[in-house]
file upload-v5.tsv (TSV, C-alpha atoms)
chain	number	residue	atom	x	y	z
A	1	MET	CA	-12.78	18.26	-43.88
A	2	GLN	CA	-9.06	17.43	-43.62
A	3	LEU	CA	-8.23	21.15	-43.65
A	4	TRP	CA	-10.86	21.79	-40.98
A	5	ASN	CA	-9.49	19.00	-38.77
A	6	TRP	CA	-5.98	20.32	-39.30
A	7	LEU	CA	-7.02	23.84	-38.28
A	8	LEU	CA	-8.71	22.55	-35.12
A	9	ALA	CA	-5.78	20.29	-34.14
A	10	ILE	CA	-4.28	22.69	-31.58
A	11	PRO	CA	-0.86	21.42	-30.37
A	12	HIS	CA	-1.20	21.89	-26.62
A	13	PRO	CA	-1.20	19.31	-23.76
A	14	ASP	CA	-3.94	21.00	-21.69
A	15	PRO	CA	-7.50	20.01	-22.82
A	16	GLU	CA	-9.01	23.35	-21.67
A	17	THR	CA	-6.37	25.32	-23.57
A	18	ARG	CA	-7.00	23.19	-26.67
A	19	ARG	CA	-10.73	23.92	-26.33
A	20	ARG	CA	-10.13	27.68	-26.16
A	21	GLY	CA	-7.77	27.40	-29.13
A	22	GLN	CA	-10.43	25.62	-31.17
A	23	ASN	CA	-12.97	28.30	-30.23
A	24	LEU	CA	-10.50	31.01	-31.19
A	25	THR	CA	-9.88	29.36	-34.55
A	26	ILE	CA	-13.61	29.14	-35.28
A	27	VAL	CA	-14.22	32.77	-34.24
A	28	GLY	CA	-11.22	33.95	-36.25
A	29	LEU	CA	-12.34	32.08	-39.34
A	30	GLY	CA	-15.88	33.47	-38.93
A	31	LEU	CA	-14.63	37.05	-38.56
A	32	ALA	CA	-12.30	36.62	-41.51
A	33	THR	CA	-15.16	35.26	-43.62
A	34	MET	CA	-17.41	38.19	-42.68
A	35	SER	CA	-14.56	40.59	-43.40
A	36	VAL	CA	-14.23	39.14	-46.90
A	37	LEU	CA	-18.00	39.18	-47.42
A	38	SER	CA	-18.20	42.83	-46.32
A	39	ILE	CA	-15.79	44.01	-49.02
A	40	PRO	CA	-18.60	44.48	-51.62
A	41	LEU	CA	-20.53	46.56	-49.09
A	42	VAL	CA	-17.46	48.72	-48.50
A	43	LEU	CA	-16.97	49.29	-52.21
A	44	ILE	CA	-20.43	50.81	-52.64
A	45	GLN	CA	-19.68	53.49	-50.05
A	46	PRO	CA	-19.00	57.09	-51.31
A	47	ASP	CA	-15.38	56.93	-50.07
A	48	PRO	CA	-14.54	53.23	-49.85
A	49	LEU	CA	-10.74	53.43	-49.75
A	50	PRO	CA	-10.15	54.05	-46.00
A	51	GLN	CA	-12.62	51.37	-44.99
A	52	LEU	CA	-11.23	48.94	-47.56
A	53	ILE	CA	-7.67	49.47	-46.28
A	54	ALA	CA	-8.83	49.00	-42.68
A	55	ASN	CA	-10.75	45.90	-43.72
A	56	LEU	CA	-7.72	44.36	-45.42
A	57	ILE	CA	-5.45	45.23	-42.49
A	58	GLY	CA	-7.92	43.62	-40.10
A	59	LEU	CA	-8.11	40.54	-42.32
A	60	GLY	CA	-4.33	40.23	-42.34
A	61	LEU	CA	-4.18	40.60	-38.57
A	62	LEU	CA	-6.86	37.91	-38.16
A	63	ILE	CA	-4.83	35.51	-40.30
A	64	GLY	CA	-1.78	36.30	-38.16
A	65	VAL	CA	-3.72	35.58	-34.98
A	66	LEU	CA	-4.85	32.23	-36.44
A	67	GLY	CA	-1.24	31.43	-37.26
A	68	ILE	CA	-0.21	32.16	-33.65
A	69	ALA	CA	-2.99	29.87	-32.38
A	70	ARG	CA	-1.91	27.16	-34.80
A	71	PHE	CA	1.48	27.06	-33.07
A	72	GLY	CA	-0.15	26.44	-29.68
A	73	LEU	CA	0.31	29.97	-28.25
A	74	ILE	CA	-3.33	30.23	-27.25
A	75	ASN	CA	-3.06	32.90	-24.54
A	76	LEU	CA	-1.04	35.16	-26.83
A	77	ALA	CA	-3.46	34.60	-29.71
A	78	ALA	CA	-6.47	35.27	-27.44
A	79	SER	CA	-4.90	38.51	-26.22
A	80	ALA	CA	-4.16	39.56	-29.80
A	81	MET	CA	-7.72	38.72	-30.96
A	82	VAL	CA	-9.37	40.69	-28.14
A	83	ALA	CA	-7.00	43.62	-28.65
A	84	LEU	CA	-7.70	43.61	-32.40
A	85	LEU	CA	-11.47	43.72	-31.87
A	86	VAL	CA	-11.25	46.44	-29.17
A	87	ILE	CA	-8.89	48.61	-31.20
A	88	SER	CA	-10.95	48.15	-34.39
A	89	SER	CA	-14.15	49.24	-32.67
A	90	ALA	CA	-12.31	52.21	-31.15
A	91	ILE	CA	-10.48	53.66	-34.19
A	92	ILE	CA	-13.10	53.22	-36.93
A	93	PRO	CA	-15.01	56.42	-35.95
A	94	PHE	CA	-11.78	58.42	-36.15
A	95	GLY	CA	-11.36	57.33	-39.77
A	96	THR	CA	-14.95	57.88	-40.84
A	97	GLY	CA	-15.81	60.77	-38.54
A	98	GLN	CA	-19.06	59.01	-37.64
A	99	ILE	CA	-19.81	57.08	-34.51
A	100	GLY	CA	-23.10	55.55	-35.63
A	101	LEU	CA	-23.47	51.99	-34.45
A	102	VAL	CA	-19.74	51.32	-34.30
A	103	PRO	CA	-19.48	51.28	-30.45
A	104	ILE	CA	-21.83	48.32	-30.42
A	105	PHE	CA	-19.03	46.29	-31.98
A	106	ALA	CA	-17.17	46.65	-28.66
A	107	LEU	CA	-19.63	44.09	-27.33
A	108	VAL	CA	-18.29	41.63	-29.86
A	109	ALA	CA	-14.85	41.89	-28.23
A	110	VAL	CA	-16.32	41.25	-24.77
A	111	ILE	CA	-18.33	38.22	-25.89
A	112	THR	CA	-15.40	36.87	-27.89
A	113	ALA	CA	-13.15	37.21	-24.84
A	114	THR	CA	-15.58	35.09	-22.82
A	115	VAL	CA	-15.36	32.31	-25.43
A	116	ILE	CA	-11.68	32.27	-26.38
A	117	GLY	CA	-9.93	33.77	-23.36
A	118	GLN	CA	-9.71	33.79	-19.62
A	119	GLU	CA	-10.89	36.20	-16.96
A	120	HIS	CA	-8.15	38.74	-17.60
A	121	HIS	CA	-9.07	38.81	-21.31
A	122	VAL	CA	-12.66	39.67	-20.42
A	123	VAL	CA	-11.50	42.41	-18.06
A	124	PHE	CA	-9.19	43.73	-20.77
A	125	ALA	CA	-12.00	43.82	-23.33
A	126	VAL	CA	-14.40	45.60	-20.96
A	127	VAL	CA	-11.92	48.20	-19.71
A	128	PHE	CA	-10.41	49.10	-23.06
A	129	GLY	CA	-13.79	48.95	-24.78
A	130	ILE	CA	-15.13	51.51	-22.35
A	131	ALA	CA	-11.96	53.57	-22.81
A	132	GLY	CA	-12.36	53.38	-26.59
A	133	MET	CA	-15.96	54.53	-26.46
A	134	ALA	CA	-14.98	57.40	-24.14
A	135	GLY	CA	-12.25	58.35	-26.60
A	136	GLN	CA	-14.74	58.25	-29.49
A	137	TRP	CA	-17.10	60.52	-27.60
A	138	LEU	CA	-14.31	63.01	-26.87
A	139	GLY	CA	-12.71	62.76	-30.31
A	140	VAL	CA	-15.63	63.10	-32.69
A	141	SER	CA	-18.21	64.82	-30.54
A	142	GLY	CA	-17.59	68.13	-32.36
A	143	ARG	CA	-18.16	66.70	-35.82
A	144	PRO	CA	-21.59	66.56	-37.38
A	145	GLN	CA	-23.03	63.09	-37.20
A	146	VAL	CA	-25.21	61.46	-39.82
A	147	ALA	CA	-27.91	59.19	-38.47
A	148	PRO	CA	-27.66	55.60	-39.71
A	149	SER	CA	-29.91	54.80	-42.61
A	150	ALA	CA	-32.31	51.87	-42.64
A	151	GLY	CA	-29.95	49.90	-44.83
A	152	GLU	CA	-27.05	50.50	-42.50
A	153	ILE	CA	-29.12	49.44	-39.54
A	154	ILE	CA	-30.20	46.27	-41.35
A	155	ILE	CA	-26.61	45.51	-42.37
A	156	VAL	CA	-25.32	46.10	-38.87
A	157	GLY	CA	-28.15	43.98	-37.49
A	158	ILE	CA	-27.30	41.16	-39.88
A	159	LEU	CA	-23.60	41.34	-39.05
A	160	LEU	CA	-24.25	41.43	-35.33
A	161	SER	CA	-26.70	38.52	-35.65
A	162	LEU	CA	-24.05	36.54	-37.46
A	163	VAL	CA	-21.36	37.41	-34.91
A	164	PHE	CA	-23.53	36.71	-31.89
A	165	GLY	CA	-24.91	33.57	-33.55
A	166	LEU	CA	-21.36	32.39	-34.20
A	167	ILE	CA	-20.27	33.12	-30.68
A	168	GLY	CA	-23.45	31.56	-29.23
A	169	GLY	CA	-22.91	28.47	-31.36
A	170	ILE	CA	-19.38	28.22	-30.08
A	171	GLY	CA	-20.62	28.53	-26.53
A	172	THR	CA	-23.27	25.87	-27.15
A	173	ARG	CA	-20.66	23.64	-28.74
A	174	SER	CA	-18.35	24.14	-25.76
A	175	VAL	CA	-21.14	23.29	-23.32
A	176	ARG	CA	-22.11	20.24	-25.36
A	177	ARG	CA	-18.49	19.16	-25.52
A	178	ALA	CA	-18.16	19.66	-21.75
A	179	ILE	CA	-21.30	17.56	-21.21
A	180	GLU	CA	-19.91	14.86	-23.51
A	181	LEU	CA	-16.64	14.88	-21.60
A	182	ALA	CA	-18.54	14.70	-18.33
A	183	GLN	CA	-20.59	11.78	-19.65
A	184	GLN	CA	-17.43	10.05	-20.82
A	185	ALA	CA	-15.87	10.65	-17.40
A	186	GLN	CA	-19.01	9.28	-15.74
A	187	SER	CA	-18.97	6.25	-18.04
A	188	GLN	CA	-15.30	5.68	-17.26
A	189	ALA	CA	-16.03	6.07	-13.55
A	190	GLU	CA	-18.87	3.55	-13.78
A	191	SER	CA	-16.62	1.17	-15.71
A	192	LEU	CA	-13.91	1.58	-13.10
A	193	ALA	CA	-16.51	1.03	-10.37
A	194	ARG	CA	-17.61	-2.21	-12.05
A	195	GLN	CA	-14.02	-3.31	-12.43
A	196	LEU	CA	-13.38	-2.42	-8.80
A	197	SER	CA	-16.46	-4.40	-7.77
A	198	GLN	CA	-15.22	-7.39	-9.75
A	199	VAL	CA	-11.79	-7.04	-8.19
A	200	ASN	CA	-13.36	-6.82	-4.73
A	201	GLN	CA	-15.45	-9.92	-5.42
A	202	ALA	CA	-12.38	-11.78	-6.64
A	203	LEU	CA	-10.48	-10.57	-3.59
A	204	GLU	CA	-13.26	-11.67	-1.25
A	205	LEU	CA	-13.33	-15.07	-2.95
A	206	ARG	CA	-9.56	-15.32	-2.62
A	207	VAL	CA	-9.74	-14.27	1.04
A	208	ALA	CA	-12.44	-16.88	1.65
A	209	GLU	CA	-10.30	-19.54	-0.03
A	210	ARG	CA	-7.25	-18.48	1.95
A	211	THR	CA	-9.32	-18.44	5.16
A	212	ALA	CA	-10.58	-21.96	4.46
A	213	ALA	CA	-7.05	-23.09	3.70
A	214	LEU	CA	-5.79	-21.49	6.92
A	215	GLN	CA	-8.57	-23.14	8.91
A	216	THR	CA	-7.69	-26.51	7.37
A	217	ALA	CA	-4.02	-25.91	8.09
A	218	LEU	CA	-4.90	-24.86	11.65
A	219	ALA	CA	-6.95	-28.03	12.17
A	220	GLU	CA	-4.08	-30.11	10.82
A	221	SER	CA	-1.68	-28.21	13.06
A	222	GLU	CA	-3.90	-28.87	16.07
A	223	GLN	CA	-4.02	-32.55	15.16
A	224	ARG	CA	-0.23	-32.62	14.84
A	225	GLN	CA	0.06	-30.75	18.14
A	226	ALA	CA	-2.23	-33.27	19.81
A	227	ALA	CA	-0.21	-36.14	18.31
A	228	LEU	CA	3.02	-34.45	19.44
A	229	THR	CA	1.62	-33.97	22.95
A	230	ALA	CA	0.62	-37.63	23.08
A	231	ALA	CA	4.08	-38.61	21.81
A	232	LEU	CA	5.73	-36.43	24.46
A	233	GLN	CA	3.57	-37.99	27.16
A	234	GLU	CA	4.47	-41.43	25.88
A	235	ASN	CA	8.14	-40.46	25.83
A	236	GLU	CA	7.87	-39.20	29.38
A	237	ARG	CA	6.23	-42.44	30.46
A	238	GLN	CA	8.90	-44.47	28.73
A	239	ARG	CA	11.60	-42.27	30.27
A	240	ARG	CA	10.21	-42.92	33.72
A	241	GLU	CA	10.06	-46.63	32.96
A	242	ILE	CA	13.65	-46.54	31.70
A	243	GLN	CA	14.72	-44.67	34.83
A	244	ALA	CA	12.97	-47.25	36.93
A	245	LEU	CA	14.68	-50.01	35.01
A	246	SER	CA	18.02	-48.21	35.37
A	247	VAL	CA	17.63	-48.53	39.17
A	248	PRO	CA	15.98	-51.93	39.72
A	249	ILE	CA	15.30	-53.21	43.25
A	250	LEU	CA	15.45	-56.98	43.76
A	251	ALA	CA	14.29	-58.83	46.86
A	252	VAL	CA	16.86	-61.54	47.77
A	253	ARG	CA	15.25	-62.40	51.12
A	254	HIS	CA	12.38	-60.99	53.08
A	255	ASP	CA	14.78	-58.65	54.88
A	256	MET	CA	17.32	-58.05	52.09
A	257	LEU	CA	17.13	-55.94	48.93
A	258	VAL	CA	19.64	-55.63	46.11
A	259	ILE	CA	20.08	-52.61	43.77
A	260	PRO	CA	22.35	-53.48	40.83
A	261	LEU	CA	23.81	-50.29	39.30
A	262	ILE	CA	25.31	-50.30	35.82
A	263	GLY	CA	27.01	-47.39	34.10
A	264	ALA	CA	28.00	-43.96	35.34
A	265	LEU	CA	26.40	-42.66	38.50
A	266	ASP	CA	25.07	-39.11	38.34
A	267	GLY	CA	23.00	-37.07	40.73
A	268	GLU	CA	19.68	-37.96	39.05
A	269	ARG	CA	20.27	-41.71	39.22
A	270	LEU	CA	21.43	-41.54	42.82
A	271	SER	CA	18.39	-39.44	43.78
A	272	LEU	CA	16.10	-41.95	42.07
A	273	ALA	CA	17.91	-44.84	43.78
A	274	GLN	CA	17.47	-43.16	47.14
A	275	GLN	CA	13.73	-42.60	46.60
A	276	ARG	CA	13.07	-46.15	45.43
A	277	ALA	CA	15.29	-47.74	48.09
A	278	LEU	CA	13.79	-45.81	51.01
A	279	SER	CA	10.27	-46.54	49.78
A	280	ALA	CA	11.03	-50.28	49.42
A	281	ILE	CA	12.72	-50.45	52.86
A	282	GLU	CA	9.71	-48.85	54.52
A	283	GLN	CA	7.24	-51.14	52.77
A	284	GLN	CA	9.11	-54.44	53.22
A	285	ARG	CA	10.76	-53.78	56.61
A	286	THR	CA	14.12	-54.49	55.09
A	287	ARG	CA	17.25	-54.73	57.25
A	288	PHE	CA	19.91	-54.85	54.57
A	289	LEU	CA	20.27	-52.93	51.31
A	290	LEU	CA	22.93	-54.28	48.97
A	291	VAL	CA	24.12	-51.83	46.30
A	292	ASP	CA	25.94	-53.75	43.57
A	293	VAL	CA	28.45	-51.46	41.80
A	294	THR	CA	30.09	-54.19	39.75
A	295	GLY	CA	28.95	-52.47	36.53
A	296	VAL	CA	30.05	-48.99	37.62
A	297	PRO	CA	33.29	-48.04	35.82
A	298	PHE	CA	34.23	-45.18	38.16
A	299	ILE	CA	32.97	-43.22	41.14
A	300	ASP	CA	33.62	-39.49	41.43
A	301	GLN	CA	33.07	-37.13	44.34
A	302	THR	CA	29.40	-36.56	43.43
A	303	ALA	CA	28.67	-40.30	43.28
A	304	ALA	CA	30.53	-40.92	46.52
A	305	ASP	CA	28.61	-38.17	48.33
A	306	GLY	CA	25.37	-39.59	46.97
A	307	LEU	CA	26.22	-43.07	48.28
A	308	ILE	CA	27.03	-41.65	51.72
A	309	VAL	CA	23.72	-39.75	51.80
A	310	LEU	CA	21.93	-42.94	50.78
A	311	ALA	CA	23.67	-44.90	53.53
A	312	ARG	CA	22.70	-42.35	56.17
A	313	SER	CA	19.08	-42.30	54.98
A	314	VAL	CA	18.94	-46.10	55.07
A	315	ARG	CA	20.50	-46.02	58.53
A	316	LEU	CA	17.75	-43.71	59.79
A	317	LEU	CA	15.15	-46.29	58.69
A	318	GLY	CA	16.85	-49.01	60.73
A	319	ALA	CA	18.67	-50.75	57.89
A	320	ARG	CA	22.27	-50.91	56.75
A	321	LEU	CA	23.78	-50.34	53.33
A	322	TYR	CA	26.42	-52.60	51.84
A	323	LEU	CA	28.50	-51.94	48.72
A	324	ILE	CA	29.34	-55.08	46.80
A	325	GLY	CA	31.37	-55.69	43.66
A	326	ILE	CA	33.83	-52.80	44.13
A	327	SER	CA	36.50	-52.98	41.44
A	328	PRO	CA	40.14	-52.12	42.12
A	329	ASP	CA	39.92	-48.90	40.15
A	330	VAL	CA	36.82	-47.81	42.00
A	331	ALA	CA	38.44	-48.71	45.31
A	332	GLN	CA	41.54	-46.62	44.51
A	333	THR	CA	39.34	-43.71	43.47
A	334	MET	CA	37.34	-43.86	46.70
A	335	ILE	CA	40.49	-44.00	48.80
A	336	GLY	CA	41.95	-41.10	46.79
A	337	LEU	CA	38.86	-39.04	47.43
A	338	GLY	CA	39.09	-39.74	51.17
A	339	ILE	CA	35.60	-41.19	51.41
A	340	ASP	CA	34.60	-42.26	54.95
A	341	LEU	CA	33.13	-45.78	54.73
A	342	HIS	CA	32.43	-46.39	58.43
A	343	GLU	CA	28.67	-46.09	57.76
A	344	ILE	CA	28.82	-48.38	54.71
A	345	GLY	CA	29.38	-52.09	54.79
A	346	VAL	CA	31.47	-53.75	52.08
A	347	ALA	CA	31.29	-57.23	50.55
A	348	ARG	CA	33.19	-58.77	47.65
A	349	ASP	CA	30.15	-59.91	45.71
A	350	LEU	CA	26.49	-60.77	46.17
A	351	ARG	CA	27.17	-64.37	47.31
A	352	ASP	CA	29.68	-63.19	49.91
A	353	ALA	CA	27.22	-60.61	51.21
A	354	ILE	CA	24.40	-63.17	51.51
A	355	MET	CA	26.65	-65.67	53.28
A	356	ARG	CA	27.91	-63.03	55.72
A	357	LEU	CA	24.51	-61.61	56.47

call {"tool": "encode", "arguments": {"input": "upload-v5.tsv", "output": "structure tokens"}}
result
Amino acid sequence: MQLWNWLLAIPHPDPETRRRGQNLTIVGLGLATMSVLSIPLVLIQPDPLPQLIANLIGLGLLIGVLGIARFGLINLAASAMVALLVISSAIIPFGTGQIGLVPIFALVAVITATVIGQEHHVVFAVVFGIAGMAGQWLGVSGRPQVAPSAGEIIIVGILLSLVFGLIGGIGTRSVRRAIELAQQAQSQAESLARQLSQVNQALELRVAERTAALQTALAESEQRQAALTAALQENERQRREIQALSVPILAVRHDMLVIPLIGALDGERLSLAQQRALSAIEQQRTRFLLVDVTGVPFIDQTAADGLIVLARSVRLLGARLYLIGISPDVAQTMIGLGIDLHEIGVARDLRDAIMRL
């Protein structure tokens, strides 16, 4: 069994080539066995020497072909096997002078080529087999032929039955092996399909988990967005309140309002002061608007222009604007800027303004 496994272990990476190599080995061993078993039949012939020599030469060539196949050169071994069978069936009549049933052995080469070779081996066996039979017909047609005896017919029938049985068995084995391989491939495909289904189920579960996590995160994000929006609205409300507090309007008398300003004066604060002052003047019928700049550290050109615009707007509503609490630095800055104060009244402080007005 170890020897058999060793003979069938064809060293070739292609599975189909290994299969043909195994078939070739089995056919070669079968032909070699029949060649050995036919030696006693050859020896009982009237002139056994030529057939015995041919038999031994064929046996040696078969062993050589098996050696070539054992090294993995399957195509070369198949070509050699088919050529050996075709040539053997073609030259035997020239040695014996009798055609008999020998041309039938050409069929063995054709069938063997279908099992161990490829398409070109089959074509080779058919073409050269036909050429060999044509050569036999031309070469020995002038010699007297002896009809095969019953024993010869039986022997040839037995040999052909063995050869065709061997080749048919190899073909059946190859088909069975192909079916087994197909079943294994189908089983592997089904296993892969099950694994793929499990992977898909796991992936769907993971996607569902990720989707749920994303939905939770989205809900949390929406909650945070809502909280942020509410915080921004609250900040805006507080900012407006702070702006209102930064420009307070105090009623000193029924006809007098005071706006104490603290800190730097920018365009936004002056615009807010103008809006609040004009609205208060209109509502309370105020005659005097006192703008206390005691807490203003400096007045630039923008602040001065804003105060002048405020004074003119107040003037259009029938009231007059007074600046009180001007510091020396602010006074020098206003003089340096060339600010026209003829539309603006001036008082030293709130008490002075109230006493004067």

call {"tool": "residues_around", "arguments": {"input": "upload-v5.tsv", "residues": "Leu62 of chain A", "least_positions_apart": "2", "cutoff": "10 Å", "atoms": "all atoms listed in the file", "output": "MDAnalysis selection string"}}
result
chainID A and resid 25 27:29 31:32 35 56:60 64:68 77 80:81 84:85

call {"tool": "write_last_selection", "arguments": {"input": "upload-v5.tsv", "atoms": "C-alpha atoms", "output": "PDB file, keeping the file's coordinate frame"}}
result
ATOM      1  CA  THR A  25      -9.880  29.360 -34.550  1.00  0.00           C
ATOM      2  CA  VAL A  27     -14.220  32.770 -34.240  1.00  0.00           C
ATOM      3  CA  GLY A  28     -11.220  33.950 -36.250  1.00  0.00           C
ATOM      4  CA  LEU A  29     -12.340  32.080 -39.340  1.00  0.00           C
ATOM      5  CA  LEU A  31     -14.630  37.050 -38.560  1.00  0.00           C
ATOM      6  CA  ALA A  32     -12.300  36.620 -41.510  1.00  0.00           C
ATOM      7  CA  SER A  35     -14.560  40.590 -43.400  1.00  0.00           C
ATOM      8  CA  LEU A  56      -7.720  44.360 -45.420  1.00  0.00           C
ATOM      9  CA  ILE A  57      -5.450  45.230 -42.490  1.00  0.00           C
ATOM     10  CA  GLY A  58      -7.920  43.620 -40.100  1.00  0.00           C
ATOM     11  CA  LEU A  59      -8.110  40.540 -42.320  1.00  0.00           C
ATOM     12  CA  GLY A  60      -4.330  40.230 -42.340  1.00  0.00           C
ATOM     13  CA  GLY A  64      -1.780  36.300 -38.160  1.00  0.00           C
ATOM     14  CA  VAL A  65      -3.720  35.580 -34.980  1.00  0.00           C
ATOM     15  CA  LEU A  66      -4.850  32.230 -36.440  1.00  0.00           C
ATOM     16  CA  GLY A  67      -1.240  31.430 -37.260  1.00  0.00           C
ATOM     17  CA  ILE A  68      -0.210  32.160 -33.650  1.00  0.00           C
ATOM     18  CA  ALA A  77      -3.460  34.600 -29.710  1.00  0.00           C
ATOM     19  CA  ALA A  80      -4.160  39.560 -29.800  1.00  0.00           C
ATOM     20  CA  MET A  81      -7.720  38.720 -30.960  1.00  0.00           C
ATOM     21  CA  LEU A  84      -7.700  43.610 -32.400  1.00  0.00           C
ATOM     22  CA  LEU A  85     -11.470  43.720 -31.870  1.00  0.00           C
TER      23      LEU A  85
END

call {"tool": "atom_distance", "arguments": {"input": "upload-v5.tsv", "atom1": "atom CA of Leu265 of chain A", "atom2": "atom CA of Gly295 of chain A"}}
result
10.3 Å

call {"tool": "residues_around", "arguments": {"input": "upload-v5.tsv", "residues": "segment 36-39 of chain A", "least_positions_apart": "2", "cutoff": "12 Å", "atoms": "only C-alpha atoms", "output": "PyMOL selection string"}}
result
chain A and resi 29-34+41-45+48-60+62+155-156+158-159+162

call {"tool": "atom_distance", "arguments": {"input": "upload-v5.tsv", "atom1": "atom CA of Gly306 of chain A", "atom2": "atom CA of Gln274 of chain A"}}
result
8.7 Å

call {"tool": "closest_residue", "arguments": {"input": "upload-v5.tsv", "among": "A:Ala304, A:Ala217, A:Ile281, A:Val258", "to": "Gly338 of chain A", "atoms": "all atoms listed in the file"}}
result
A:Ala304

call {"tool": "atom_distance", "arguments": {"input": "upload-v5.tsv", "atom1": "atom CA of Asn23 of chain A", "atom2": "atom CA of Ile87 of chain A"}}
result
20.7 Å
